[in-house]
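model-v1.txt (compact mmCIF, C-alpha atoms)
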# COMPACT_ATOMS: atom_id res chain seq x y z
CA MET A 1 0.00 0.00 0.00
CA GLU A 2 1.23 3.49 -0.81
CA VAL A 3 0.85 4.58 2.82
CA GLN A 4 3.77 2.36 3.71
CA LYS A 5 6.03 3.97 1.08
CA ILE A 6 5.48 7.53 2.24
CA ILE A 7 6.07 6.98 5.95
CA ASN A 8 9.43 5.77 7.17
CA LYS A 9 11.19 5.08 10.47
CA GLU A 10 8.10 3.27 11.75
CA ILE A 11 7.99 1.59 15.12
CA LEU A 12 4.59 0.01 14.35
CA GLU A 13 3.14 -1.09 11.01
CA VAL A 14 -0.41 -2.38 10.71
CA GLN A 15 -1.15 -4.04 7.37
CA ASN A 16 -4.63 -5.10 6.20
CA LEU A 17 -5.87 -5.70 9.73
CA VAL A 18 -9.25 -7.44 9.98
CA LYS A 19 -11.21 -8.30 13.10
CA HIS A 20 -14.65 -9.92 12.87
CA PHE A 21 -16.67 -11.14 15.84
CA PRO A 22 -18.87 -14.19 15.19
CA ILE A 23 -22.55 -14.17 16.14
CA TYR A 24 -24.03 -17.42 17.40
CA THR A 25 -27.56 -18.63 18.00
CA ARG A 26 -28.37 -19.64 21.53
CA GLY A 27 -29.00 -23.32 22.11
CA ILE A 28 -29.04 -25.78 24.96
CA PHE A 29 -26.42 -28.11 23.51
CA LEU A 30 -25.30 -26.67 20.16
CA LYS A 31 -24.68 -23.18 18.88
CA LYS A 32 -24.54 -22.14 15.26
CA GLN A 33 -22.79 -19.15 13.70
CA VAL A 34 -25.36 -16.97 11.98
CA GLY A 35 -23.35 -13.86 11.16
CA LEU A 36 -20.31 -11.64 11.71
CA ILE A 37 -19.78 -8.23 13.27
CA HIS A 38 -17.36 -6.36 10.99
CA ALA A 39 -15.54 -4.43 13.71
CA VAL A 40 -12.32 -3.71 11.76
CA ASP A 41 -12.13 -4.27 8.00
CA ASP A 42 -8.81 -4.17 6.16
CA ILE A 43 -7.06 -1.14 7.66
CA SER A 44 -3.40 -0.18 7.25
CA PHE A 45 -1.34 2.51 8.93
CA SER A 46 2.06 3.02 10.51
CA ILE A 47 3.42 5.01 13.44
CA LYS A 48 6.79 6.74 13.48
CA ARG A 49 9.09 6.37 16.43
CA GLY A 50 8.53 9.14 19.00
CA GLU A 51 5.34 10.56 17.48
CA THR A 52 1.75 10.66 18.70
CA PHE A 53 -0.63 9.04 16.23
CA GLY A 54 -4.32 9.78 16.69
CA LEU A 55 -7.15 7.41 15.85
CA VAL A 56 -10.53 9.17 15.85
CA GLY A 57 -14.13 8.45 14.98
CA GLU A 58 -17.54 8.07 16.60
CA SER A 59 -18.31 5.34 19.13
CA GLY A 60 -18.39 1.87 17.62
CA CYS A 61 -16.17 2.63 14.61
CA GLY A 62 -13.48 0.12 15.66
CA LYS A 63 -10.87 2.29 17.41
CA THR A 64 -10.63 0.22 20.60
CA THR A 65 -10.85 -3.07 18.69
CA THR A 66 -7.85 -1.95 16.62
CA ALA A 67 -5.86 -1.21 19.78
CA ARG A 68 -6.85 -4.49 21.44
CA SER A 69 -5.90 -6.39 18.29
CA ILE A 70 -2.45 -4.78 18.29
CA LEU A 71 -1.93 -6.05 21.83
CA TYR A 72 -3.55 -9.40 20.99
CA LEU A 73 -6.18 -8.86 23.67
CA ASP A 74 -8.55 -9.58 20.78
CA GLN A 75 -7.12 -12.10 18.33
CA PRO A 76 -7.11 -10.57 14.81
CA THR A 77 -9.03 -12.40 12.11
CA SER A 78 -6.31 -11.63 9.54
CA GLY A 79 -3.60 -9.11 8.69
CA LYS A 80 -0.08 -8.33 9.83
CA ILE A 81 1.26 -6.18 12.66
CA ASN A 82 4.99 -5.40 12.72
CA PHE A 83 6.58 -3.89 15.81
CA GLU A 84 10.24 -2.91 15.47
CA GLY A 85 10.47 -5.16 12.42
CA LYS A 86 8.96 -8.24 14.11
CA GLU A 87 5.62 -9.76 13.15
CA ILE A 88 3.96 -9.74 16.56
CA ILE A 89 0.78 -11.73 15.80
CA THR A 90 2.99 -14.74 15.17
CA ILE A 91 4.81 -14.16 18.46
CA PHE A 92 1.64 -13.65 20.51
CA SER A 93 0.04 -16.79 19.03
CA SER A 94 3.14 -18.91 19.71
CA LYS A 95 4.02 -20.76 22.90
CA ASN A 96 7.22 -18.73 23.42
CA LYS A 97 6.42 -17.08 26.76
CA GLU A 98 9.73 -15.23 26.92
CA GLU A 99 9.19 -13.47 23.58
CA LYS A 100 5.60 -12.64 24.45
CA GLN A 101 6.69 -11.15 27.76
CA LYS A 102 9.29 -8.97 26.02
CA LEU A 103 6.58 -7.62 23.70
CA ARG A 104 4.18 -6.96 26.58
CA ARG A 105 6.89 -4.93 28.26
CA LYS A 106 7.52 -2.82 25.16
CA ILE A 107 3.81 -2.13 24.45
CA GLN A 108 1.62 -0.91 27.29
CA TYR A 109 -2.03 0.16 27.50
CA VAL A 110 -3.83 2.96 29.38
CA PHE A 111 -7.48 1.93 29.52
CA GLN A 112 -10.39 4.31 29.07
CA ASN A 113 -12.07 3.73 32.42
CA PRO A 114 -9.76 4.27 35.43
CA TYR A 115 -12.54 3.07 37.74
CA ALA A 116 -12.65 -0.39 36.15
CA SER A 117 -8.98 -0.91 35.22
CA LEU A 118 -7.60 -0.84 38.78
CA ASP A 119 -8.01 -3.77 41.17
CA PRO A 120 -9.91 -2.41 44.22
CA ARG A 121 -8.24 -5.00 46.48
CA MET A 122 -4.71 -3.80 45.71
CA THR A 123 -2.93 -0.75 47.07
CA VAL A 124 -1.31 1.73 44.70
CA ALA A 125 2.09 0.30 45.65
CA ASP A 126 0.97 -3.21 44.64
CA ILE A 127 -0.61 -1.95 41.40
CA ILE A 128 2.47 -0.08 40.19
CA THR A 129 5.09 -2.59 41.36
CA GLU A 130 3.25 -5.61 39.91
CA PRO A 131 4.56 -5.08 36.32
CA LEU A 132 8.04 -4.44 37.75
CA THR A 133 7.88 -7.72 39.65
CA ILE A 134 6.77 -9.61 36.53
CA HIS A 135 9.16 -8.04 34.02
CA THR A 136 12.24 -7.24 36.13
CA SER A 137 14.28 -8.76 38.93
CA LEU A 138 14.75 -5.61 40.98
CA PRO A 139 15.42 -6.09 44.71
CA LYS A 140 12.74 -4.79 47.08
CA LYS A 141 14.63 -1.61 47.95
CA GLU A 142 15.06 -0.58 44.29
CA LEU A 143 11.48 -1.64 43.58
CA TYR A 144 10.08 0.87 46.05
CA GLN A 145 12.54 3.53 44.98
CA LYS A 146 11.18 3.12 41.43
CA LEU A 147 7.64 3.27 42.80
CA TYR A 148 8.19 6.64 44.47
CA GLU A 149 9.91 7.99 41.34
CA LEU A 150 6.87 7.03 39.25
CA LEU A 151 4.44 8.59 41.73
CA GLU A 152 6.38 11.84 41.63
CA LEU A 153 6.56 11.67 37.85
CA VAL A 154 2.76 11.59 37.49
CA GLY A 155 2.13 14.20 40.17
CA LEU A 156 1.22 12.02 43.16
CA GLU A 157 2.69 11.97 46.67
CA PRO A 158 4.67 9.14 48.31
CA TYR A 159 1.98 8.58 50.96
CA HIS A 160 -0.49 7.73 48.19
CA ALA A 161 1.32 4.40 47.76
CA GLU A 162 -0.51 2.82 50.71
CA ARG A 163 -3.99 3.88 49.62
CA TYR A 164 -6.59 1.95 47.64
CA PRO A 165 -8.13 3.05 44.31
CA HIS A 166 -11.50 4.02 45.85
CA GLU A 167 -9.75 6.73 47.88
CA PHE A 168 -8.79 8.69 44.74
CA SER A 169 -10.56 10.96 42.29
CA GLY A 170 -10.92 10.07 38.59
CA GLY A 171 -7.92 12.17 37.57
CA GLN A 172 -5.72 10.64 40.28
CA ARG A 173 -6.77 7.14 39.24
CA GLN A 174 -5.81 7.86 35.66
CA ARG A 175 -2.42 9.10 36.88
CA ILE A 176 -2.01 5.75 38.67
CA CYS A 177 -2.87 3.94 35.41
CA ILE A 178 -0.26 6.00 33.54
CA ALA A 179 2.36 5.30 36.22
CA ARG A 180 1.63 1.58 35.98
CA ALA A 181 1.97 1.65 32.19
CA LEU A 182 5.26 3.60 32.37
CA ALA A 183 6.75 1.38 35.07
CA VAL A 184 8.41 -0.96 32.57
CA GLU A 185 9.51 1.91 30.29
CA PRO A 186 7.50 0.90 27.19
CA LYS A 187 8.43 2.05 23.71
CA LEU A 188 4.78 2.25 22.58
CA LEU A 189 1.98 3.45 24.84
CA ILE A 190 -1.62 2.97 23.68
CA ALA A 191 -3.88 5.52 25.37
CA ASP A 192 -7.53 4.58 24.80
CA GLU A 193 -9.57 7.73 25.49
CA PRO A 194 -7.58 8.38 28.68
CA VAL A 195 -9.42 11.62 29.52
CA ALA A 196 -12.96 10.72 28.41
CA SER A 197 -14.30 10.21 31.95
CA LEU A 198 -12.51 13.19 33.51
CA ASP A 199 -13.46 16.80 34.20
CA VAL A 200 -12.27 19.43 31.73
CA SER A 201 -9.68 20.90 34.12
CA VAL A 202 -8.28 17.45 34.90
CA ARG A 203 -8.19 16.57 31.19
CA ALA A 204 -5.76 19.40 30.52
CA GLN A 205 -3.50 18.20 33.34
CA ILE A 206 -3.43 14.61 32.01
CA LEU A 207 -2.80 15.73 28.42
CA ASN A 208 0.05 18.00 29.48
CA LEU A 209 1.42 15.16 31.59
CA LEU A 210 1.43 12.86 28.54
CA LYS A 211 3.26 15.48 26.46
CA ASP A 212 5.86 16.03 29.19
CA LEU A 213 6.44 12.29 29.58
CA GLN A 214 6.85 11.87 25.83
CA GLN A 215 9.51 14.59 25.71
CA LYS A 216 11.33 13.00 28.65
CA PHE A 217 11.26 9.35 27.51
CA ASN A 218 10.71 9.69 23.73
CA THR A 219 7.75 7.33 24.03
CA THR A 220 5.56 6.67 21.00
CA TYR A 221 1.81 7.11 21.52
CA LEU A 222 -1.23 5.66 19.83
CA TYR A 223 -3.90 8.06 21.09
CA ILE A 224 -7.52 6.98 20.65
CA SER A 225 -10.28 9.52 21.10
CA HIS A 226 -13.52 10.98 19.76
CA ASP A 227 -12.61 14.38 21.23
CA LEU A 228 -11.03 16.24 18.32
CA SER A 229 -9.91 19.16 20.48
CA THR A 230 -7.57 16.94 22.51
CA VAL A 231 -6.41 15.21 19.33
CA ARG A 232 -5.39 18.54 17.81
CA HIS A 233 -3.48 19.44 20.98
CA LEU A 234 -1.60 16.16 21.31
CA CYS A 235 -1.21 14.35 17.97
CA ASN A 236 1.25 14.67 15.09
CA ARG A 237 -0.83 12.68 12.61
CA VAL A 238 -4.45 11.55 12.64
CA ALA A 239 -6.41 8.71 11.04
CA VAL A 240 -10.21 9.00 10.84
CA MET A 241 -12.19 5.75 11.13
CA TYR A 242 -15.75 5.03 10.07
CA MET A 243 -17.38 1.62 10.50
CA GLY A 244 -14.13 -0.32 10.73
CA ARG A 245 -12.27 1.44 7.91
CA ILE A 246 -9.87 4.38 7.70
CA VAL A 247 -11.42 7.07 5.50
CA GLU A 248 -8.75 9.77 5.87
CA LEU A 249 -5.20 10.06 7.21
CA ALA A 250 -2.99 13.17 7.36
CA GLU A 251 -0.81 15.32 9.55
CA THR A 252 -2.89 17.00 12.23
CA GLN A 253 -2.69 20.57 10.94
CA GLU A 254 -3.30 19.44 7.36
CA LEU A 255 -6.35 17.44 8.39
CA PHE A 256 -7.90 20.27 10.39
CA ASP A 257 -7.12 22.90 7.75
CA SER A 258 -8.05 20.90 4.65
CA PRO A 259 -10.38 17.98 5.42
CA LEU A 260 -11.44 16.11 2.28
CA HIS A 261 -13.72 13.23 3.25
CA PRO A 262 -17.34 14.29 3.94
CA TYR A 263 -17.30 12.36 7.23
CA THR A 264 -14.15 14.18 8.39
CA LYS A 265 -15.75 17.51 7.49
CA ALA A 266 -18.83 16.62 9.55
CA LEU A 267 -16.68 15.61 12.54
CA LEU A 268 -14.67 18.83 12.45
CA SER A 269 -17.81 20.94 12.15
CA SER A 270 -19.03 19.50 15.46
CA ILE A 271 -16.09 20.88 17.48
CA PRO A 272 -17.51 23.45 19.92
CA ILE A 273 -16.13 27.00 19.82
CA PRO A 274 -15.56 28.70 23.21
CA ASP A 275 -17.26 31.88 22.05
CA PRO A 276 -21.06 32.28 22.38
CA LEU A 277 -21.10 35.02 19.73
CA ALA A 278 -19.15 33.09 17.11
CA LYS A 279 -21.15 31.64 14.23
CA LYS A 280 -20.30 28.26 12.79
CA SER A 281 -22.19 26.13 10.30
CA ARG A 282 -22.54 22.53 11.43
CA ILE A 283 -22.86 19.66 8.98
CA ILE A 284 -25.77 17.43 9.99
CA LEU A 285 -25.34 14.04 8.37
CA PRO A 286 -28.48 12.49 6.86
CA GLY A 287 -29.46 8.86 7.18
CA GLU A 288 -28.47 6.27 9.76
CA VAL A 289 -25.29 4.39 10.59
CA PRO A 290 -25.52 0.95 8.91
CA SER A 291 -25.38 -2.22 10.95
CA PRO A 292 -21.85 -3.68 11.33
CA ILE A 293 -23.47 -7.09 10.85
CA ASN A 294 -24.54 -6.19 7.31
CA PRO A 295 -22.39 -3.23 6.17
CA PRO A 296 -22.70 -1.68 2.67
CA ILE A 297 -20.87 -3.48 -0.13
CA GLY A 298 -19.09 -0.33 -1.32
CA CYS A 299 -18.21 2.71 0.72
CA ARG A 300 -19.35 2.33 4.33
CA PHE A 301 -20.34 6.00 4.37
CA GLU A 302 -22.61 5.89 1.31
CA THR A 303 -25.85 5.76 3.34
CA ARG A 304 -25.10 9.24 4.72
CA CYS A 305 -23.04 10.79 1.92
CA ILE A 306 -24.34 13.69 -0.18
CA TYR A 307 -22.10 12.71 -3.12
CA LYS A 308 -23.19 9.09 -3.50
CA LYS A 309 -25.52 9.67 -6.48
CA ASP A 310 -22.62 10.89 -8.62
CA GLN A 311 -20.11 8.24 -7.64
CA ASN A 312 -19.35 4.56 -8.29
CA CYS A 313 -18.50 3.91 -4.63
CA ILE A 314 -21.92 2.35 -3.88
CA LYS A 315 -20.76 -0.86 -5.57
CA TYR A 316 -17.00 -0.63 -5.04
CA PRO A 317 -15.26 0.43 -1.81
CA PRO A 318 -12.89 3.37 -2.46
CA LYS A 319 -9.23 2.79 -1.68
CA LEU A 320 -7.12 4.97 0.59
CA VAL A 321 -5.16 7.05 -1.93
CA HIS A 322 -2.26 9.45 -1.40
CA ILE A 323 -3.05 12.91 -2.79
CA GLY A 324 0.09 14.73 -1.61
CA LYS A 325 1.72 16.07 1.57
CA GLY A 326 1.24 12.76 3.35
CA HIS A 327 -2.53 13.17 3.01
CA PHE A 328 -4.57 10.03 2.26
CA VAL A 329 -8.29 9.85 1.62
CA ALA A 330 -10.77 7.10 0.66
CA CYS A 331 -13.37 8.99 -1.39
CA GLU A 332 -14.15 8.87 -5.11
CA LYS A 333 -15.04 12.58 -5.13
CA THR A 334 -11.49 13.64 -4.29
CA LYS A 335 -10.08 11.80 -7.31
CA LYS A 336 -11.86 14.10 -9.73
CA PRO A 337 -10.03 17.28 -10.93

Would you write the structure of this file as structure tokens?
Amino acid sequence: MEVQKIINKEILEVQNLVKHFPIYTRGIFLKKQVGLIHAVDDISFSIKRGETFGLVGESGCGKTTTARSILYLDQPTSGKINFEGKEIITIFSSKNKEEKQKLRRKIQYVFQNPYASLDPRMTVADIITEPLTIHTSLPKKELYQKLYELLELVGLEPYHAERYPHEFSGGQRQRICIARALAVEPKLLIADEPVASLDVSVRAQILNLLKDLQQKFNTTYLYISHDLSTVRHLCNRVAVMYMGRIVELAETQELFDSPLHPYTKALLSSIPIPDPLAKKSRIILPGEVPSPINPPIGCRFETRCIYKKDQNCIKYPPKLVHIGKGHFVACEKTKKP
């Protein structure tokens, strides 16, 4: 794919990733597959070392499934995922525990919900030192020294180590999650809507914390969100997903200044402006989102697209094409002069 030729120095390459979830009938003794949920359908992208790559789209478009497939938390249906030149699906599906553990250490995940991703029976000290215990052989003294360094790094106090998750606010819990993910010094950090459940003031603190940590450790981020304001603040490049497919990919400023796909334009028009007197025309999309069980044969967006009557994309899915300046778009309209 041409995307792979344009972008170099990648730490992660996703090629033709597909993830379908089977649907079964309920039975007492036997169950029969009656359909498939097309969560992710043939997507490709790559992430440069040290950058923040954004993955955006409305709820249910396949962002989280993509992230979980990269970490093999959901087993991909097909496709290839290369991390630092190694095909990691093969490694995760093998019985080589040592290789799998090395990969787990290099790729860490910050989950969306800090209330559900922390064990309520464990103290903060146990939560943060657990990955260190699994992946390193540090003596107890160095283990706790590392713990206090991580707490300070994310803006928490040493006495917080003996507390339980229910004693913290949402923002503090997310800081604990970030400290846990950074404990083993990963090279790729997947942040799945890390500020979605937080207050606006706390969101800014967490986003600034992520930027500071990236500058300090040169960590690569895959940042997943439906909040385009935070994406613009944090990301270097952005891919827009719709119903399991990438419809547009570009550098952040290029995407926000010159969106090409009608879905991207509609998303950007929904960003609120902090000025009650400012006038902005919003694009209200017609139609309904198709079912992922029975998606359209051609372009997934054709049921809501104003250009569909003039295009051939109803029968044939448009390919993600490079149009210049690292800008890719999957829309037949953009191919016309």

Between A:Gln253, A:Thr220, A:Asn294, A:Ser229, which is the closest to Leu182 of chain A once you count only C-alpha atoms?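 Ranked by minimum distance to Leu182 of chain A, first place goes to A:Thr220.
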
Residue neighbourhood Glu84 of chain A, 9 Å, all atoms listed in the file, exclusion window fewer than 6 positions, as a list in words: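 Contacts, in chain order: Glu10, Ile11, Leu12 and Glu13 of chain A.
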
For each of A:Pro274, A:Gly57, A:Pro158, A:Gly85, take the minimum atom-to-atom distance to Val238 of chain A, counting all atoms listed in the file, then give the residue where this is smallest.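 Looking at the shortest contact to Val238 of chain A, the residue is A:Gly57.
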
Spatial neighbours of segment 313-315 of chain A, max dist 10 Å, all atoms listed in the file, sep filter under 5 positions, as a list in words: Pro296, Ile297, Gly298, Cys299, Arg300, Phe301, Glu302, Thr303, Tyr307, Lys308, Ala330, Cys331, Glu332 and Lys333 of chain A

Could those residues be written to a file, using C-alpha atoms, as a CSV table (one decimal), in the coordinates of the input?
chain,number,residue,atom,x,y,z
A,296,PRO,CA,-22.7,-1.7,2.7
A,297,ILE,CA,-20.9,-3.5,-0.1
A,298,GLY,CA,-19.1,-0.3,-1.3
A,299,CYS,CA,-18.2,2.7,0.7
A,300,ARG,CA,-19.4,2.3,4.3
A,301,PHE,CA,-20.3,6.0,4.4
A,302,GLU,CA,-22.6,5.9,1.3
A,303,THR,CA,-25.8,5.8,3.3
A,307,TYR,CA,-22.1,12.7,-3.1
A,308,LYS,CA,-23.2,9.1,-3.5
A,330,ALA,CA,-10.8,7.1,0.7
A,331,CYS,CA,-13.4,9.0,-1.4
A,332,GLU,CA,-14.2,8.9,-5.1
A,333,LYS,CA,-15.0,12.6,-5.1

Between A:Arg245, A:Lys97, A:Arg304, A:Lys146, which is the closest to Arg180 of chain A once you count all atoms listed in the file?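 Of all the options, A:Lys146 lies closest to Arg180 of chain A.
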
Hey, what's within 10 Å of segment 101-113 of chain A if we count only C-alpha atoms and toss same-chain stuff fewer than 6 positions away? As a PyMOL selection string, please? chain A and resi 64+67-68+70-72+83+86+88+91-92+131-132+134-136+170+173-198+220-225

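As for atom CA of Gln215 of chain A and atom CA of Ile89 of chain A, they are spaced 29.4 Å apart.
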
What's the separation between atom CA of Arg203 of chain A and atom CA of Glu58 of chain A, in Å to one decimal place?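 Separation between atom CA of Arg203 of chain A and atom CA of Glu58 of chain A: 19.3 Å.
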
Would you work out the distance separating atom CA of Phe168 of chain A from atom CA of Thr230 of chain A, expressed in Å to one decimal? 23.7 Å

Surrounding residues of Tyr263 of chain A excluding itself and chain neighbours under 6 positions, 9 Å, all atoms listed in the file, as a PyMOL selection string: chain A and resi 240+242+247+285+301+304-305

Counting all atoms listed in the file, figure out which residue out of A:Pro318, A:Pro295, A:Pro290, A:Gly326 gets nearest to Glu254 of chain A.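 Using all atoms listed in the file, Glu254 of chain A sits closest to A:Gly326.
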
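With all atoms listed in the file as the atoms that count, the minimum distance from Gly60 of chain A to the choices A:Asp119, A:Leu147, A:His226, A:Ile128 is reached by A:His226.
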
Segment 92-99 of chain A: axis-aligned bounding box, 6 Å on each side, centre and edge lengths in Å, one decimal, as lines of an AutoDock Vina configuration file:
center_x = 4.9
center_y = -17.1
center_z = 23.0
size_x = 21.7
size_y = 19.3
size_z = 19.9

Contacts of Ala161 of chain A at 10 Å (only C-alpha atoms; same-chain gap of 6+ positions) as an mmCIF file with C-alpha atoms, in the coordinates of the input:
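Dumped everything to around_32.cif:
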data_model
loop_
_atom_site.group_PDB
_atom_site.id
_atom_site.type_symbol
_atom_site.label_atom_id
_atom_site.label_comp_id
_atom_site.auth_asym_id
_atom_site.auth_seq_id
_atom_site.Cartn_x
_atom_site.Cartn_y
_atom_site.Cartn_z
ATOM 1 C CA THR A 123 -2.930 -0.750 47.070
ATOM 2 C CA VAL A 124 -1.310 1.730 44.700
ATOM 3 C CA ALA A 125 2.090 0.300 45.650
ATOM 4 C CA ASP A 126 0.970 -3.210 44.640
ATOM 5 C CA ILE A 127 -0.610 -1.950 41.400
ATOM 6 C CA ILE A 128 2.470 -0.080 40.190
ATOM 7 C CA TYR A 144 10.080 0.870 46.050
ATOM 8 C CA LEU A 147 7.640 3.270 42.800
ATOM 9 C CA TYR A 148 8.190 6.640 44.470
ATOM 10 C CA LEU A 151 4.440 8.590 41.730
ATOM 11 C CA ILE A 176 -2.010 5.750 38.670
#

Would you mind telling me which residue in A:Leu143, A:Asn208, A:Val231, A:Thr219 lies nearest to Arg49 of chain A when using all atoms listed in the file? A:Thr219

Would you kindly place N, CA and C atoms on segment 48-61 of chain A and return the model as an mmCIF file, keeping the file's coordinate frame?
data_model
loop_
_atom_site.group_PDB
_atom_site.id
_atom_site.type_symbol
_atom_site.label_atom_id
_atom_site.label_comp_id
_atom_site.auth_asym_id
_atom_site.auth_seq_id
_atom_site.Cartn_x
_atom_site.Cartn_y
_atom_site.Cartn_z
ATOM 1 N N LYS A 48 5.366 6.445 13.384
ATOM 2 C CA LYS A 48 6.790 6.740 13.480
ATOM 3 C C LYS A 48 7.254 6.698 14.928
ATOM 4 N N ARG A 49 8.502 6.397 15.098
ATOM 5 C CA ARG A 49 9.090 6.370 16.430
ATOM 6 C C ARG A 49 9.076 7.773 17.059
ATOM 7 N N GLY A 50 8.535 7.879 18.266
ATOM 8 C CA GLY A 50 8.530 9.140 19.000
ATOM 9 C C GLY A 50 7.379 10.067 18.698
ATOM 10 N N GLU A 51 6.461 9.683 17.799
ATOM 11 C CA GLU A 51 5.340 10.560 17.480
ATOM 12 C C GLU A 51 4.074 10.138 18.239
ATOM 13 N N THR A 52 3.062 10.990 18.171
ATOM 14 C CA THR A 52 1.750 10.660 18.700
ATOM 15 C C THR A 52 0.796 10.535 17.518
ATOM 16 N N PHE A 53 0.269 9.342 17.346
ATOM 17 C CA PHE A 53 -0.630 9.040 16.230
ATOM 18 C C PHE A 53 -2.045 8.948 16.765
ATOM 19 N N GLY A 54 -2.943 9.761 16.226
ATOM 20 C CA GLY A 54 -4.320 9.780 16.690
ATOM 21 C C GLY A 54 -5.225 8.897 15.846
ATOM 22 N N LEU A 55 -6.143 8.227 16.519
ATOM 23 C CA LEU A 55 -7.150 7.410 15.850
ATOM 24 C C LEU A 55 -8.504 7.911 16.344
ATOM 25 N N VAL A 56 -9.292 8.517 15.436
ATOM 26 C CA VAL A 56 -10.530 9.170 15.850
ATOM 27 C C VAL A 56 -11.719 8.609 15.071
ATOM 28 N N GLY A 57 -12.898 8.900 15.601
ATOM 29 C CA GLY A 57 -14.130 8.450 14.980
ATOM 30 C C GLY A 57 -15.199 8.304 16.049
ATOM 31 N N GLU A 58 -16.452 8.173 15.629
ATOM 32 C CA GLU A 58 -17.540 8.070 16.600
ATOM 33 C C GLU A 58 -17.514 6.715 17.278
ATOM 34 N N SER A 59 -18.271 6.588 18.358
ATOM 35 C CA SER A 59 -18.310 5.340 19.130
ATOM 36 C C SER A 59 -18.752 4.177 18.240
ATOM 37 N N GLY A 60 -18.052 3.061 18.380
ATOM 38 C CA GLY A 60 -18.390 1.870 17.620
ATOM 39 C C GLY A 60 -17.727 1.751 16.272
ATOM 40 N N CYS A 61 -16.792 2.671 15.941
ATOM 41 C CA CYS A 61 -16.170 2.630 14.610
ATOM 42 C C CYS A 61 -15.000 1.652 14.536
#
